[in-house]
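Shown next: target03.csv, containing CSV, C-alpha atoms and all ligand atoms.
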```
chain,number,residue,atom,x,y,z
A,1,MET,CA,-16.9,-43.8,16.7
A,2,LYS,CA,-17.7,-47.5,16.6
A,3,PHE,CA,-17.4,-49.0,13.2
A,4,GLY,CA,-18.6,-52.4,12.0
A,5,ILE,CA,-16.2,-53.4,9.3
A,6,ASP,CA,-17.3,-56.2,7.1
A,7,ILE,CA,-14.6,-57.8,5.0
A,8,GLY,CA,-16.6,-59.2,2.1
A,9,HIS,CA,-16.8,-63.0,1.5
A,10,ASN,CA,-13.7,-64.9,2.7
A,11,CYS,CA,-16.1,-67.4,4.4
A,12,PRO,CA,-16.8,-70.5,2.2
A,13,PRO,CA,-19.2,-71.2,0.7
A,14,ASP,CA,-19.4,-67.4,0.6
A,15,THR,CA,-16.5,-66.7,-1.7
A,16,GLY,CA,-15.9,-63.6,-3.9
A,17,ALA,CA,-15.6,-63.0,-7.6
A,18,ARG,CA,-12.6,-64.1,-9.6
A,19,GLY,CA,-11.1,-61.9,-12.4
A,20,ILE,CA,-7.6,-60.8,-13.0
A,21,LYS,CA,-7.3,-61.0,-9.2
A,22,PHE,CA,-9.4,-62.7,-6.5
A,23,GLU,CA,-12.0,-60.6,-4.7
A,24,ASP,CA,-11.4,-62.6,-1.5
A,25,ASN,CA,-7.7,-61.6,-1.4
A,26,LEU,CA,-8.3,-57.9,-2.2
A,27,THR,CA,-11.2,-57.4,0.3
A,28,LEU,CA,-9.1,-59.1,3.0
A,29,ASP,CA,-6.0,-56.9,2.2
A,30,VAL,CA,-7.9,-53.6,2.1
A,31,GLY,CA,-10.2,-54.6,5.0
A,32,ASN,CA,-7.4,-55.4,7.4
A,33,ARG,CA,-5.7,-52.2,6.6
A,34,VAL,CA,-8.9,-50.2,7.1
A,35,ILE,CA,-9.5,-52.0,10.5
A,36,SER,CA,-6.0,-51.2,11.8
A,37,LYS,CA,-6.0,-47.6,10.5
A,38,LEU,CA,-9.4,-46.9,12.1
A,39,ARG,CA,-8.1,-48.3,15.4
A,40,ALA,CA,-4.9,-46.3,15.1
A,41,LEU,CA,-7.1,-43.1,14.8
A,42,GLY,CA,-8.8,-44.0,18.1
A,43,ASN,CA,-12.0,-45.6,16.8
A,44,GLU,CA,-13.6,-48.8,18.0
A,45,VAL,CA,-13.9,-51.5,15.4
A,46,ILE,CA,-16.1,-54.6,15.4
A,47,THR,CA,-15.0,-57.1,12.7
A,48,CYS,CA,-18.1,-58.5,11.2
A,49,LYS,CA,-16.8,-61.3,9.0
A,50,PRO,CA,-17.8,-64.6,10.6
A,51,ASP,CA,-15.2,-67.4,11.0
A,52,GLY,CA,-17.4,-69.9,9.3
A,53,ALA,CA,-20.9,-70.3,7.8
A,54,GLY,CA,-23.1,-73.1,6.5
A,55,SER,CA,-24.3,-71.1,3.5
A,56,VAL,CA,-23.9,-67.7,1.8
A,57,ARG,CA,-27.1,-66.5,3.5
A,58,ASP,CA,-25.8,-67.7,6.9
A,59,SER,CA,-22.6,-65.8,6.2
A,60,LEU,CA,-24.4,-62.6,5.4
A,61,SER,CA,-26.8,-63.0,8.3
A,62,LYS,CA,-24.0,-63.5,10.8
A,63,ARG,CA,-22.3,-60.3,9.6
A,64,CYS,CA,-25.5,-58.3,10.2
A,65,SER,CA,-26.2,-59.9,13.6
A,66,ARG,CA,-22.7,-59.1,14.8
A,67,ALA,CA,-23.1,-55.4,13.8
A,68,ASN,CA,-26.6,-55.2,15.3
A,69,ALA,CA,-25.6,-56.9,18.6
A,70,SER,CA,-22.5,-54.7,19.0
A,71,GLY,CA,-24.4,-51.5,18.4
A,72,VAL,CA,-22.0,-50.1,15.9
A,73,ASP,CA,-22.5,-46.5,14.7
A,74,VAL,CA,-21.7,-47.3,11.0
A,75,PHE,CA,-21.5,-50.5,9.1
A,76,VAL,CA,-19.1,-50.7,6.2
A,77,SER,CA,-19.0,-53.7,3.9
A,78,ILE,CA,-15.9,-53.9,1.6
A,79,HIS,CA,-16.2,-55.6,-1.8
A,80,PHE,CA,-14.8,-55.6,-5.3
A,81,ASN,CA,-16.8,-55.8,-8.5
A,82,ALA,CA,-16.6,-58.0,-11.5
A,83,PHE,CA,-18.5,-57.9,-14.8
A,84,ASN,CA,-17.4,-58.2,-18.4
A,85,GLY,CA,-13.8,-57.1,-18.4
A,86,GLN,CA,-14.7,-53.7,-19.8
A,87,ALA,CA,-16.7,-52.1,-16.9
A,88,ASN,CA,-14.6,-50.2,-14.5
A,89,GLY,CA,-14.7,-47.8,-11.6
A,90,THR,CA,-16.1,-47.4,-8.1
A,91,GLU,CA,-19.6,-47.4,-6.8
A,92,VAL,CA,-20.8,-47.2,-3.2
A,93,PHE,CA,-24.2,-48.5,-2.1
A,94,ALA,CA,-26.5,-47.2,0.6
A,95,THR,CA,-30.1,-47.4,1.6
A,96,SER,CA,-30.9,-44.5,3.9
A,97,ASP,CA,-30.2,-40.8,3.6
A,98,ARG,CA,-27.7,-41.1,6.5
A,99,GLY,CA,-26.0,-44.0,4.6
A,100,ARG,CA,-25.8,-41.8,1.5
A,101,LYS,CA,-24.1,-39.0,3.5
A,102,ILE,CA,-21.5,-41.5,4.6
A,103,ALA,CA,-21.1,-43.1,1.1
A,104,LYS,CA,-20.5,-39.8,-0.8
A,105,PRO,CA,-17.2,-38.7,0.8
A,106,VAL,CA,-15.9,-42.3,0.6
A,107,LEU,CA,-16.7,-42.5,-3.1
A,108,ASP,CA,-15.1,-39.0,-3.6
A,109,GLU,CA,-11.9,-40.0,-2.0
A,110,ILE,CA,-11.6,-43.3,-4.0
A,111,ILE,CA,-12.3,-41.4,-7.2
A,112,LYS,CA,-9.3,-39.2,-6.5
A,113,LEU,CA,-7.2,-42.2,-7.0
A,114,GLY,CA,-8.2,-42.2,-10.7
A,115,PHE,CA,-11.1,-44.7,-10.7
A,116,PHE,CA,-14.2,-43.9,-12.8
A,117,ASN,CA,-17.1,-42.5,-10.7
A,118,ARG,CA,-20.1,-44.8,-11.0
A,119,GLY,CA,-21.9,-42.9,-8.3
A,120,VAL,CA,-23.6,-43.6,-5.0
A,121,LYS,CA,-26.3,-46.1,-5.7
A,122,SER,CA,-29.4,-47.4,-3.9
A,123,GLY,CA,-28.5,-50.7,-2.3
A,124,SER,CA,-32.0,-52.0,-1.2
A,125,HIS,CA,-31.3,-55.3,-3.0
A,126,LEU,CA,-28.2,-55.9,-0.8
A,127,TYR,CA,-28.7,-58.2,2.2
A,128,VAL,CA,-26.2,-56.6,4.5
A,129,LEU,CA,-27.6,-53.1,3.9
A,130,LYS,CA,-31.2,-54.2,4.3
A,131,ASN,CA,-30.6,-56.2,7.5
A,132,THR,CA,-28.4,-53.9,9.5
A,133,ASP,CA,-30.0,-51.4,12.0
A,134,MET,CA,-27.5,-48.6,11.6
A,135,PRO,CA,-26.4,-46.4,8.6
A,136,ALA,CA,-24.6,-48.8,6.3
A,137,ILE,CA,-22.6,-48.7,3.1
A,138,LEU,CA,-21.2,-51.3,0.8
A,139,ILE,CA,-18.2,-50.2,-1.2
A,140,GLU,CA,-17.4,-51.8,-4.5
A,141,CYS,CA,-13.8,-50.5,-4.6
A,142,CYS,CA,-13.3,-51.3,-8.3
A,143,PHE,CA,-13.5,-54.1,-10.8
A,144,ILE,CA,-11.2,-57.1,-10.4
A,145,ASP,CA,-11.7,-58.1,-14.0
A,146,SER,CA,-10.8,-54.7,-15.4
A,147,LYS,CA,-7.2,-54.3,-16.6
A,148,LYS,CA,-7.5,-50.5,-16.1
A,149,ASP,CA,-8.7,-50.8,-12.5
A,150,MET,CA,-6.2,-53.6,-11.5
A,151,ASN,CA,-3.3,-51.5,-12.8
A,152,LEU,CA,-4.6,-48.6,-10.8
A,153,PHE,CA,-5.4,-50.5,-7.7
A,154,ASN,CA,-3.1,-50.3,-4.6
A,155,ALA,CA,-4.4,-51.7,-1.3
A,156,GLU,CA,-2.7,-49.1,0.9
A,157,ALA,CA,-4.0,-46.2,-1.2
A,158,MET,CA,-7.5,-47.7,-1.3
A,159,ALA,CA,-7.6,-48.2,2.5
A,160,ASN,CA,-6.3,-44.6,3.0
A,161,ALA,CA,-9.0,-43.3,0.7
A,162,ILE,CA,-11.7,-45.2,2.6
A,163,ILE,CA,-10.4,-43.9,6.0
A,164,LYS,CA,-10.3,-40.3,4.7
A,165,GLY,CA,-13.9,-40.6,3.4
A,166,LEU,CA,-15.2,-42.2,6.6
A,167,THR,CA,-13.4,-40.0,9.2
A,168,GLY,CA,-12.1,-37.0,7.3
A,169,LYS,CA,-8.7,-37.8,8.7
A,170,VAL,CA,-5.5,-38.9,7.0
A,171,ALA,CA,-4.5,-42.4,7.9
A,172,SER,CA,-0.9,-43.0,8.7
A,173,THR,CA,1.0,-45.6,6.7
A,174,PRO,CA,2.9,-47.9,9.1
A,175,VAL,CA,6.6,-47.1,9.0
A,176,LYS,CA,8.6,-50.0,7.9
A,177,PRO,CA,11.6,-50.5,10.1
A,178,VAL,CA,14.9,-49.7,8.5
A,179,PRO,CA,16.4,-53.0,7.3
A,180,ASP,CA,19.4,-53.9,9.5
A,181,GLU,CA,22.2,-55.6,7.6
A,182,GLU,CA,23.2,-57.5,10.7
A,183,ASP,CA,20.0,-59.5,10.3
A,184,ASN,CA,20.4,-60.0,6.5
A,185,ILE,CA,20.0,-63.7,5.8
A,186,ASP,CA,21.1,-63.6,2.2
A,187,THR,CA,24.3,-65.7,1.9
A,188,SER,CA,24.3,-66.0,-1.9
A,189,ALA,CA,27.6,-65.8,-3.9
A,190,LEU,CA,26.2,-62.6,-5.5
A,191,ARG,CA,25.7,-60.8,-2.2
A,192,LEU,CA,29.1,-62.1,-1.1
A,193,GLN,CA,30.8,-60.5,-4.1
A,194,LYS,CA,28.8,-57.3,-3.8
A,195,ALA,CA,29.7,-57.1,-0.1
A,196,LEU,CA,33.4,-57.7,-0.6
A,197,ASN,CA,33.5,-55.1,-3.4
A,198,ARG,CA,31.8,-52.6,-1.1
A,199,LEU,CA,34.3,-53.4,1.6
A,200,LYS,CA,37.1,-52.9,-1.0
A,201,ILE,CA,38.4,-56.4,-0.5
A,202,THR,CA,40.1,-57.4,-3.8
A,203,ASP,CA,41.0,-60.8,-5.3
A,204,GLN,CA,44.5,-62.5,-5.6
A,205,ASN,CA,45.3,-60.1,-8.4
A,206,ASN,CA,44.1,-57.0,-6.5
A,207,LYS,CA,41.1,-56.7,-8.7
A,208,PRO,CA,37.5,-56.1,-7.6
A,209,LEU,CA,35.3,-59.2,-8.0
A,210,ALA,CA,33.0,-59.8,-10.9
A,211,GLU,CA,29.4,-59.8,-9.6
A,212,ASP,CA,28.4,-63.0,-11.4
A,213,ASN,CA,27.0,-65.1,-8.5
A,214,ASP,CA,29.8,-67.6,-9.1
A,215,ALA,CA,31.9,-68.3,-6.1
A,216,GLY,CA,35.0,-69.2,-8.1
A,217,PRO,CA,38.7,-68.9,-7.3
A,218,SER,CA,38.9,-65.1,-7.3
A,219,THR,CA,35.9,-64.8,-4.9
A,220,LYS,CA,37.5,-67.5,-2.7
A,221,SER,CA,40.8,-65.6,-2.6
A,222,ALA,CA,38.9,-62.4,-1.6
A,223,VAL,CA,37.1,-64.3,1.2
A,224,GLU,CA,40.4,-65.6,2.4
A,225,LYS,CA,41.8,-62.1,2.4
A,226,PHE,CA,38.8,-60.8,4.4
A,227,GLN,CA,39.1,-63.6,6.9
A,228,SER,CA,42.7,-62.8,7.6
A,229,ILE,CA,41.9,-59.1,8.0
A,230,VAL,CA,39.1,-59.7,10.6
A,231,GLY,CA,40.9,-62.5,12.4
A,232,ILE,CA,38.9,-65.6,11.2
A,233,GLN,CA,40.7,-68.7,10.1
A,234,PRO,CA,41.4,-68.1,6.4
A,235,THR,CA,39.7,-70.9,4.6
A,236,GLY,CA,38.2,-69.1,1.6
A,237,THR,CA,34.8,-70.4,2.4
A,238,ALA,CA,32.1,-68.0,3.6
A,239,THR,CA,31.3,-69.5,6.9
A,240,GLU,CA,28.8,-68.3,9.4
A,241,ALA,CA,31.5,-66.4,11.3
A,242,THR,CA,32.5,-64.8,8.0
A,243,TRP,CA,29.0,-63.6,7.2
A,244,ASN,CA,28.6,-62.4,10.8
A,245,ALA,CA,31.7,-60.2,10.4
A,246,ILE,CA,30.5,-59.0,6.9
A,247,ASN,CA,27.0,-58.1,8.1
A,248,LEU,CA,28.3,-56.4,11.3
A,249,ILE,CA,30.5,-54.1,9.2
A,250,LEU,CA,27.7,-53.4,6.7
A,251,ALA,CA,25.4,-52.6,9.6
A,252,LYS,CA,27.6,-49.5,10.2
A,253,ARG,CA,27.3,-49.4,14.0
A,254,ILE,CA,28.8,-46.2,15.6
A,255,ILE,CA,32.3,-47.2,16.7
A,256,ARG,CA,33.9,-45.2,19.5
A,257,PRO,CA,37.4,-45.3,20.9
A,258,ASN,CA,37.9,-47.6,23.9
A,259,HIS,CA,34.4,-49.2,23.4
A,260,ALA,CA,34.7,-51.3,20.3
A,261,GLY,CA,36.8,-54.3,19.4
A,262,GLY,CA,36.9,-57.4,17.3
A,263,SER,CA,36.3,-57.9,13.6
A,264,VAL,CA,34.9,-54.4,12.9
A,265,VAL,CA,37.9,-52.7,14.5
A,266,ARG,CA,40.2,-55.0,12.7
A,267,TYR,CA,38.5,-54.1,9.4
A,268,LEU,CA,38.9,-50.4,10.3
A,269,GLN,CA,42.5,-50.9,11.1
A,270,TYR,CA,43.0,-52.6,7.7
A,271,ARG,CA,41.4,-49.7,5.9
A,272,LEU,CA,43.5,-47.2,7.9
A,273,ASN,CA,46.8,-49.0,7.7
A,274,VAL,CA,47.0,-49.4,11.5
A,275,GLU,CA,48.5,-52.5,13.1
A,276,ALA,CA,45.7,-55.0,13.4
A,277,ASP,CA,45.1,-55.8,17.1
A,278,GLY,CA,41.3,-55.5,17.1
A,279,ILE,CA,41.4,-52.8,19.8
A,280,PHE,CA,40.2,-49.3,19.2
A,281,GLY,CA,43.0,-47.5,21.1
A,282,ALA,CA,44.9,-44.3,20.6
A,283,GLN,CA,46.6,-45.3,17.4
A,284,THR,CA,43.4,-46.2,15.7
A,285,GLU,CA,41.7,-43.1,17.0
A,286,ALA,CA,44.5,-40.9,15.5
A,287,ALA,CA,44.2,-42.7,12.2
A,288,ILE,CA,40.4,-42.2,12.1
A,289,LYS,CA,40.8,-38.5,12.8
A,290,GLN,CA,43.3,-38.2,10.0
A,291,PHE,CA,41.0,-40.1,7.6
A,292,GLN,CA,38.1,-37.8,8.7
A,293,ARG,CA,40.3,-34.6,8.0
A,294,GLN,CA,41.3,-35.9,4.6
A,295,ASN,CA,37.7,-36.5,3.7
A,296,GLY,CA,36.4,-33.1,5.0
A,297,LEU,CA,34.6,-34.6,8.0
A,298,THR,CA,34.6,-33.5,11.6
A,299,ALA,CA,37.7,-35.1,13.1
A,300,ASP,CA,36.1,-36.5,16.3
A,301,GLY,CA,37.7,-40.0,16.1
A,302,ILE,CA,34.2,-41.6,16.2
A,303,VAL,CA,33.2,-43.8,13.3
A,304,GLY,CA,29.6,-42.6,12.7
A,305,PRO,CA,27.3,-42.6,9.6
A,306,ALA,CA,29.4,-40.0,7.7
A,307,THR,CA,32.7,-41.8,8.2
A,308,TRP,CA,31.1,-45.1,7.4
A,309,GLN,CA,29.7,-43.6,4.2
A,310,LYS,CA,33.2,-42.5,3.1
A,311,LEU,CA,34.6,-46.0,4.0
A,312,ILE,CA,32.1,-48.3,2.5
A,313,GLY,CA,29.4,-46.2,0.9
A,401,ZN,ZN,-18.5,-59.1,-3.3
```
I need this file expressed as structure tokens, please.
Amino acid sequence: MKFGIDIGHNCPPDTGARGIKFEDNLTLDVGNRVISKLRALGNEVITCKPDGAGSVRDSLSKRCSRANASGVDVFVSIHFNAFNGQANGTEVFATSDRGRKIAKPVLDEIIKLGFFNRGVKSGSHLYVLKNTDMPAILIECCFIDSKKDMNLFNAEAMANAIIKGLTGKVASTPVKPVPDEEDNIDTSALRLQKALNRLKITDQNNKPLAEDNDAGPSTKSAVEKFQSIVGIQPTGTATEATWNAINLILAKRIIRPNHAGGSVVRYLQYRLNVEADGIFGAQTEAAIKQFQRQNGLTADGIVGPATWQKLIG
């Protein structure tokens, strides 16, 4: 299928309504999701919103021309309503019977999210429905000046409902990559204290650190201890090298005998009471196996997710 997706407004002087939220922002958010989800499902999408326009009429006219010139099968305009703060719910406009057949399942899916059903309505007063050559619908997703609707509204859920209504298919939500601690850029005192506590590095009195975001003497002493353990000059100041070592350990890479070295291995040796030489040799492997047996894990000598879990949570 070839869809013409029209992200409402966002083309000054054609700007949307303002309520608790701005229509421009919401149509853009939902519209972009709809476009990428339709494409992910194998559809062709023509984006109909122009980059610029001299007037509102020009903006609307360009949207229709693009859809007509591209010969899209279905035209979908995405909008949000605003009225008096009390009105709420979803309505979908269409002009033709074929348009109504497309509008109905879209409305039904959005209603499932909890919005009030205002029905499929005749949209012969709407410029983009009147001036497009193909079956066309205009979705008023919900009311941006309704507290009820804005509490209920979620852009991802709205986009998924529109996709289900248009295609009958369930859209996939993009999988967020698992955050990798090695790339964590937070170098606050609070994160430092939390990290050192997690790594079981105590202060000068062998006490866990207070997580108070104040890098005072006890935090400094723990940093110094950590630096000695991993083989960094012990200054008590969390330098870039210090953070690199902390983040690398927190990233919980799989550590194998004869492969790994450096700060992570030194840290493991500290935890296992092995002489700290930074090389994962036979002695370290034996200590890992013993630790694994003591903790009910498979004693394979490889520091994988389960072993890391027991070590640093
Ligand atoms: Zn609008």
All residues within 12 Å of ligand ZN 401 (chain A) are required, counting only C-alpha atoms and all ligand atoms; please report them as a PyMOL selection string. chain A and resi 6-11+14-18+22-28+56+60+77-83+126-128+138-144
Around the point (-21.3, -40.9, -8.9), in the coordinates given by the file, pick out the residues reaching within 10 Å, counting all atoms listed in the file, and return them as an MDAnalysis selection string. chainID A and resid 89:92 104 107:108 111 116:121
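You will find atom CA of A:Ile254 at 7.2 Å from atom CA of A:Pro305.
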Which neighbours of A:Thr47 fall inside 9 Å, counting only C-alpha atoms, when residues of the same chain fewer than 3 positions from it are skipped, and could you give them as a ChimeraX atom specification? /A:3-7,35,50,63,66-67
Need the neighbours of (37.4, -49.7, 10.7): which residues are at most 9 Å away, counting only C-alpha atoms, as a PyMOL selection string? chain A and resi 249+255+263-272+280+284+288+303+308+311
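The smallest atom-to-atom distance between A:Lys207 and any of A:Ala238, A:Val30, A:Ala222, A:Ile279, using all atoms listed in the file, is found for A:Ala222.
Note that atom CA of A:Arg256 and atom CA of A:Gly304 are 8.5 Å apart.
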Suppose you want the space between atom CA of A:Ala251 and atom CA of A:Leu297; what is it in Å? 20.3 Å
Write out as a PyMOL selection string which residues come within 10 Å of A:Ser55 when counting all atoms listed in the file, dropping same-chain ones fewer than 2 positions away. chain A and resi 11-14+52-53+57-61
Edge lengths and centre in Å, axis-aligned, stretch 7-18 of chain A plus 3 Å each side, as AutoDock Vina command-line options:
```
--center_x -16.0 --center_y -64.5 --center_z -2.3 --size_x 12.8 --size_y 19.4 --size_z 20.6
```
The residue from A:Val230, A:Met158, A:Ala40, A:Ala87 with the smallest atom-to-atom distance to A:Ala276, counting only C-alpha atoms, is A:Val230
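Minimum distance to A:Lys37 across A:Asn247, A:Ser172, A:Gln290, A:Ser122 (counting all atoms listed in the file) occurs at A:Ser172.
Among A:Ser228, A:Ile201, A:Arg253, A:Asn213, the residue with the shortest atom-to-atom distance to A:Glu182, counting all atoms listed in the file, is A:Arg253.
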Minimum-distance residue to A:Thr173, chosen among A:Ser36, A:Asn206, A:Gln292, A:Thr239 (using only C-alpha atoms): A:Ser36
Show me, as JSON, numbers by chain, the residues that have an atom within 12 Å of A:Asp183 when counting all atoms listed in the file, minus same-chain residues fewer than 4 positions from it. {"A": [178, 179, 187, 243, 244, 245, 246, 247, 248, 249, 250, 251]}
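Of the residues listed (A:Ile137, A:Ile312, A:Val223, A:Ala287), A:Ile312 shows the shortest atom-to-atom separation from A:Arg198; distances use only C-alpha atoms.
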